[in-house]
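Q: Contents of target-v8.pdb (PDB, C-alpha atoms) are below:
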ATOM      1  CA  MET P   1      66.867  50.293 187.095
ATOM      2  CA  ARG P   2      67.902  48.779 190.419
ATOM      3  CA  LEU P   3      69.869  51.671 191.852
ATOM      4  CA  SER P   4      68.368  53.959 194.470
ATOM      5  CA  PRO P   5      68.305  57.731 193.987
ATOM      6  CA  ASP P   6      70.709  58.052 196.933
ATOM      7  CA  SER P   7      73.163  55.615 195.329
ATOM      8  CA  GLN P   8      72.883  57.460 192.029
ATOM      9  CA  ALA P   9      73.685  60.753 193.759
ATOM     10  CA  ILE P  10      76.722  59.238 195.519
ATOM     11  CA  ILE P  11      78.028  57.888 192.222
ATOM     12  CA  HIS P  12      77.424  61.110 190.316
ATOM     13  CA  GLN P  13      79.114  63.184 193.034
ATOM     14  CA  ALA P  14      82.168  60.898 193.174
ATOM     15  CA  VAL P  15      82.609  61.033 189.392
ATOM     16  CA  ALA P  16      82.216  64.825 189.335
ATOM     17  CA  GLN P  17      84.781  65.232 192.130
ATOM     18  CA  ARG P  18      87.311  63.102 190.248
ATOM     19  CA  TRP P  19      86.817  64.306 186.657
ATOM     20  CA  GLY P  20      84.572  67.355 186.816
ATOM     21  CA  SER P  21      80.986  67.969 185.846
ATOM     22  CA  GLY P  22      81.668  67.206 182.166
ATOM     23  CA  ALA P  23      82.270  63.514 182.827
ATOM     24  CA  GLN P  24      79.332  61.256 182.004
ATOM     25  CA  VAL P  25      78.518  58.137 183.987
ATOM     26  CA  ARG P  26      76.233  55.350 182.798
ATOM     27  CA  LEU P  27      74.835  52.327 184.561
ATOM     28  CA  PHE P  28      74.818  49.198 182.427
ATOM     29  CA  GLY P  29      74.628  45.453 182.895
ATOM     30  CA  SER P  30      72.396  43.429 185.190
ATOM     31  CA  ARG P  31      71.315  46.366 187.373
ATOM     32  CA  LEU P  32      69.193  47.645 184.490
ATOM     33  CA  ASP P  33      66.967  44.554 184.725
ATOM     34  CA  ASP P  34      64.252  45.319 187.277
ATOM     35  CA  SER P  35      63.248  41.652 187.482
ATOM     36  CA  ALA P  36      66.745  40.428 188.416
ATOM     37  CA  LYS P  37      68.211  40.209 191.900
ATOM     38  CA  GLY P  38      71.689  40.962 193.168
ATOM     39  CA  GLY P  39      74.553  41.656 190.842
ATOM     40  CA  ASP P  40      77.350  44.148 190.913
ATOM     41  CA  ILE P  41      77.079  47.770 189.841
ATOM     42  CA  ASP P  42      78.606  48.211 186.381
ATOM     43  CA  LEU P  43      79.514  51.804 185.610
ATOM     44  CA  HIS P  44      80.898  53.371 182.462
ATOM     45  CA  VAL P  45      82.557  56.774 182.820
ATOM     46  CA  HIS P  46      83.305  58.858 179.752
ATOM     47  CA  ASP P  47      85.576  61.887 180.089
ATOM     48  CA  GLN P  48      86.843  63.937 177.150
ATOM     49  CA  GLY P  49      90.009  64.924 179.026
ATOM     50  CA  GLU P  50      93.231  62.985 179.095
ATOM     51  CA  VAL P  51      93.817  60.687 182.068
ATOM     52  CA  ASP P  52      97.355  59.462 182.758
ATOM     53  CA  ASN P  53      96.401  55.995 183.945
ATOM     54  CA  PRO P  54      92.717  55.239 183.241
ATOM     55  CA  ILE P  55      92.792  51.707 184.668
ATOM     56  CA  TRP P  56      94.265  52.925 187.950
ATOM     57  CA  GLU P  57      91.813  55.839 188.150
ATOM     58  CA  ALA P  58      88.856  53.537 187.464
ATOM     59  CA  SER P  59      90.074  51.189 190.211
ATOM     60  CA  LEU P  60      90.342  54.058 192.692
ATOM     61  CA  LEU P  61      86.789  55.152 191.908
ATOM     62  CA  ALA P  62      85.489  51.588 192.223
ATOM     63  CA  ALA P  63      87.133  51.213 195.645
ATOM     64  CA  GLN P  64      85.777  54.563 196.824
ATOM     65  CA  LEU P  65      82.248  53.719 195.699
ATOM     66  CA  GLN P  66      82.354  50.256 197.274
ATOM     67  CA  ARG P  67      83.098  51.933 200.606
ATOM     68  CA  GLN P  68      80.391  54.571 200.122
ATOM     69  CA  LEU P  69      77.774  52.062 198.943
ATOM     70  CA  ASP P  70      78.057  49.722 201.938
ATOM     71  CA  GLY P  71      80.398  47.202 200.344
ATOM     72  CA  ARG P  72      78.413  46.571 197.168
ATOM     73  CA  LYS P  73      80.683  45.379 194.342
ATOM     74  CA  VAL P  74      81.321  48.124 191.801
ATOM     75  CA  ASP P  75      83.018  47.720 188.419
ATOM     76  CA  VAL P  76      84.131  50.856 186.581
ATOM     77  CA  ARG P  77      85.216  51.227 182.971
ATOM     78  CA  LEU P  78      86.761  54.626 182.221
ATOM     79  CA  LEU P  79      86.972  55.832 178.619
ATOM     80  CA  ALA P  80      89.042  58.997 178.557
ATOM     81  CA  GLY P  81      90.649  61.307 176.044
ATOM     82  CA  HIS P  82      91.753  59.648 172.867
ATOM     83  CA  GLN P  83      91.459  56.041 174.003
ATOM     84  CA  THR P  84      90.129  53.658 171.403
ATOM     85  CA  PRO P  85      86.684  52.418 172.465
ATOM     86  CA  LEU P  86      86.465  48.723 173.329
ATOM     87  CA  PRO P  87      83.421  46.475 172.822
ATOM     88  CA  VAL P  88      82.383  47.129 176.448
ATOM     89  CA  ASP P  89      82.244  50.855 175.629
ATOM     90  CA  VAL P  90      79.945  50.205 172.674
ATOM     91  CA  VAL P  91      77.609  48.163 174.904
ATOM     92  CA  ALA P  92      77.615  50.814 177.633
ATOM     93  CA  PHE P  93      76.826  53.608 175.169
ATOM     94  CA  SER P  94      74.073  51.659 173.418
ATOM     95  CA  GLN P  95      72.419  49.958 176.413
ATOM     96  CA  GLY P  96      73.492  51.994 179.437
ATOM     97  CA  VAL P  97      71.426  54.589 181.245
ATOM     98  CA  LEU P  98      72.995  57.994 181.852
ATOM     99  CA  LEU P  99      72.935  58.931 185.528
ATOM    100  CA  ALA P 100      72.053  62.583 186.105
TER     101      ALA P 100
END
Will you turn the file into structure tokens for me?
A:
Amino acid sequence: MRLSPDSQAIIHQAVAQRWGSGAQVRLFGSRLDDSAKGGDIDLHVHDQGEVDNPIWEASLLAAQLQRQLDGRKVDVRLLAGHQTPLPVDVVAFSQGVLLA
């Protein structure tokens, strides 16, 4: 996994501040490949609670993390409440790594 412990802590803290400690965040995509270089940070956040506007909330988190992670590109997919999972959610759950 190409994500430093400090970056993982920043991400985990930002997610917990926004949705509480019950929200799970996974890293998926190219950053899981240790032999690759570059690439954005693809995050999947799963929260059991209802979120009024998940796309907006995911965008706010992505912008916050881009600032905190020195401008690195961050993509966030938020699956909340009773949303129907999309194919990207299935990939994130099956291939992603849970950040603790």
Q: Quick one: of P:Gly38, P:Gly49, P:Pro54, P:Gly96, who's nearest to P:Val25, counting all atoms listed in the file?
A: P:Gly96
Q: P:Arg72, P:Lys37, P:His82, P:His46: which is nearest P:Ala16, counting only C-alpha atoms?
A: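 Nearest to P:Ala16: P:His46.
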Q: Can you work out the spacing between atom CA of P:Glu50 and atom CA of P:Ala80 in Å, to one decimal?
A: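 Separating atom CA of P:Glu50 from atom CA of P:Ala80 is a distance of 5.8 Å.
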Q: Expanded to explicit residues, what is the PyMOL selection byres ((chain P and resi 79) around 12) for this file, as a VMD selection string?
A: chain P and resid 19 23 to 26 43 to 55 57 to 58 76 to 78 80 to 90 92 to 93
Q: Using all atoms listed in the file - which residues lie no farther than 10 Å from the point (68.7, 51.9, 184.5) in the file's frame? Write them as a PDB file with C-alpha atoms, in the frame of the given file.
A:
ATOM      1  CA  MET P   1      66.867  50.293 187.095  1.00  0.00           C
ATOM      2  CA  ARG P   2      67.902  48.779 190.419  1.00  0.00           C
ATOM      3  CA  LEU P   3      69.869  51.671 191.852  1.00  0.00           C
ATOM      4  CA  ARG P  26      76.233  55.350 182.798  1.00  0.00           C
ATOM      5  CA  LEU P  27      74.835  52.327 184.561  1.00  0.00           C
ATOM      6  CA  PHE P  28      74.818  49.198 182.427  1.00  0.00           C
ATOM      7  CA  GLY P  29      74.628  45.453 182.895  1.00  0.00           C
ATOM      8  CA  SER P  30      72.396  43.429 185.190  1.00  0.00           C
ATOM      9  CA  ARG P  31      71.315  46.366 187.373  1.00  0.00           C
ATOM     10  CA  LEU P  32      69.193  47.645 184.490  1.00  0.00           C
ATOM     11  CA  ASP P  33      66.967  44.554 184.725  1.00  0.00           C
ATOM     12  CA  ASP P  34      64.252  45.319 187.277  1.00  0.00           C
ATOM     13  CA  GLN P  95      72.419  49.958 176.413  1.00  0.00           C
ATOM     14  CA  GLY P  96      73.492  51.994 179.437  1.00  0.00           C
ATOM     15  CA  VAL P  97      71.426  54.589 181.245  1.00  0.00           C
ATOM     16  CA  LEU P  98      72.995  57.994 181.852  1.00  0.00           C
ATOM     17  CA  LEU P  99      72.935  58.931 185.528  1.00  0.00           C
TER      18      LEU P  99
END
Q: Pick the closest to P:Ile41 from P:Gln66, P:Ser59, P:Ser21, P:Ser94: which is it, counting only C-alpha atoms?
A: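 Selected residue with least distance to P:Ile41: P:Gln66.
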Q: Return stretch 24-51 of chain P, completed with N, CA and C atoms, as an mmCIF file, keeping the file's coordinate frame.
A:
data_model
loop_
_atom_site.group_PDB
_atom_site.id
_atom_site.type_symbol
_atom_site.label_atom_id
_atom_site.label_comp_id
_atom_site.auth_asym_id
_atom_site.auth_seq_id
_atom_site.Cartn_x
_atom_site.Cartn_y
_atom_site.Cartn_z
ATOM 1 N N GLN P 24 80.622 61.943 182.026
ATOM 2 C CA GLN P 24 79.332 61.256 182.004
ATOM 3 C C GLN P 24 79.487 59.874 182.622
ATOM 4 N N VAL P 25 78.496 59.474 183.390
ATOM 5 C CA VAL P 25 78.518 58.137 183.987
ATOM 6 C C VAL P 25 77.222 57.423 183.633
ATOM 7 N N ARG P 26 77.376 56.184 183.185
ATOM 8 C CA ARG P 26 76.233 55.350 182.798
ATOM 9 C C ARG P 26 76.227 54.074 183.625
ATOM 10 N N LEU P 27 75.029 53.635 183.957
ATOM 11 C CA LEU P 27 74.835 52.327 184.561
ATOM 12 C C LEU P 27 74.504 51.371 183.427
ATOM 13 N N PHE P 28 75.148 50.217 183.418
ATOM 14 C CA PHE P 28 74.818 49.198 182.427
ATOM 15 C C PHE P 28 74.935 47.835 183.077
ATOM 16 N N GLY P 29 74.543 46.811 182.359
ATOM 17 C CA GLY P 29 74.628 45.453 182.895
ATOM 18 C C GLY P 29 73.374 45.038 183.632
ATOM 19 N N SER P 30 73.536 44.086 184.552
ATOM 20 C CA SER P 30 72.396 43.429 185.190
ATOM 21 C C SER P 30 71.549 44.359 186.050
ATOM 22 N N ARG P 31 72.095 45.446 186.537
ATOM 23 C CA ARG P 31 71.315 46.366 187.373
ATOM 24 C C ARG P 31 70.230 47.109 186.605
ATOM 25 N N LEU P 32 70.253 47.028 185.288
ATOM 26 C CA LEU P 32 69.193 47.645 184.490
ATOM 27 C C LEU P 32 67.941 46.775 184.431
ATOM 28 N N ASP P 33 68.076 45.504 184.775
ATOM 29 C CA ASP P 33 66.967 44.554 184.725
ATOM 30 C C ASP P 33 66.215 44.587 186.056
ATOM 31 N N ASP P 34 65.039 45.189 186.045
ATOM 32 C CA ASP P 34 64.252 45.319 187.277
ATOM 33 C C ASP P 34 63.786 43.987 187.837
ATOM 34 N N SER P 35 63.729 42.947 187.009
ATOM 35 C CA SER P 35 63.248 41.652 187.482
ATOM 36 C C SER P 35 64.368 40.795 188.078
ATOM 37 N N ALA P 36 65.613 41.201 187.896
ATOM 38 C CA ALA P 36 66.745 40.428 188.416
ATOM 39 C C ALA P 36 66.991 40.762 189.882
ATOM 40 N N LYS P 37 67.819 39.968 190.508
ATOM 41 C CA LYS P 37 68.211 40.209 191.900
ATOM 42 C C LYS P 37 69.720 40.180 191.985
ATOM 43 N N GLY P 38 70.252 40.958 192.941
ATOM 44 C CA GLY P 38 71.689 40.962 193.168
ATOM 45 C C GLY P 38 72.462 41.558 192.007
ATOM 46 N N GLY P 39 73.706 41.167 191.912
ATOM 47 C CA GLY P 39 74.553 41.656 190.842
ATOM 48 C C GLY P 39 75.371 42.863 191.259
ATOM 49 N N ASP P 40 76.501 43.004 190.612
ATOM 50 C CA ASP P 40 77.350 44.148 190.913
ATOM 51 C C ASP P 40 76.828 45.382 190.184
ATOM 52 N N ILE P 41 77.430 46.509 190.478
ATOM 53 C CA ILE P 41 77.079 47.770 189.841
ATOM 54 C C ILE P 41 78.123 48.038 188.764
ATOM 55 N N ASP P 42 77.704 47.974 187.511
ATOM 56 C CA ASP P 42 78.606 48.211 186.381
ATOM 57 C C ASP P 42 78.443 49.650 185.916
ATOM 58 N N LEU P 43 79.539 50.402 185.988
ATOM 59 C CA LEU P 43 79.514 51.804 185.610
ATOM 60 C C LEU P 43 80.468 52.060 184.456
ATOM 61 N N HIS P 44 80.058 52.932 183.575
ATOM 62 C CA HIS P 44 80.898 53.371 182.462
ATOM 63 C C HIS P 44 81.044 54.883 182.601
ATOM 64 N N VAL P 45 82.285 55.344 182.708
ATOM 65 C CA VAL P 45 82.557 56.774 182.820
ATOM 66 C C VAL P 45 83.243 57.223 181.546
ATOM 67 N N HIS P 46 82.719 58.298 180.963
ATOM 68 C CA HIS P 46 83.305 58.858 179.752
ATOM 69 C C HIS P 46 83.727 60.290 180.045
ATOM 70 N N ASP P 47 85.025 60.555 179.866
ATOM 71 C CA ASP P 47 85.576 61.887 180.089
ATOM 72 C C ASP P 47 86.384 62.276 178.867
ATOM 73 N N GLN P 48 86.141 63.468 178.344
ATOM 74 C CA GLN P 48 86.843 63.937 177.150
ATOM 75 C C GLN P 48 88.311 64.275 177.423
ATOM 76 N N GLY P 49 88.640 64.554 178.680
ATOM 77 C CA GLY P 49 90.009 64.924 179.026
ATOM 78 C C GLY P 49 90.947 63.729 179.044
ATOM 79 N N GLU P 50 92.217 64.034 179.020
ATOM 80 C CA GLU P 50 93.231 62.985 179.095
ATOM 81 C C GLU P 50 93.402 62.541 180.548
ATOM 82 N N VAL P 51 93.577 61.269 180.744
ATOM 83 C CA VAL P 51 93.817 60.687 182.068
ATOM 84 C C VAL P 51 95.092 59.864 181.952
#
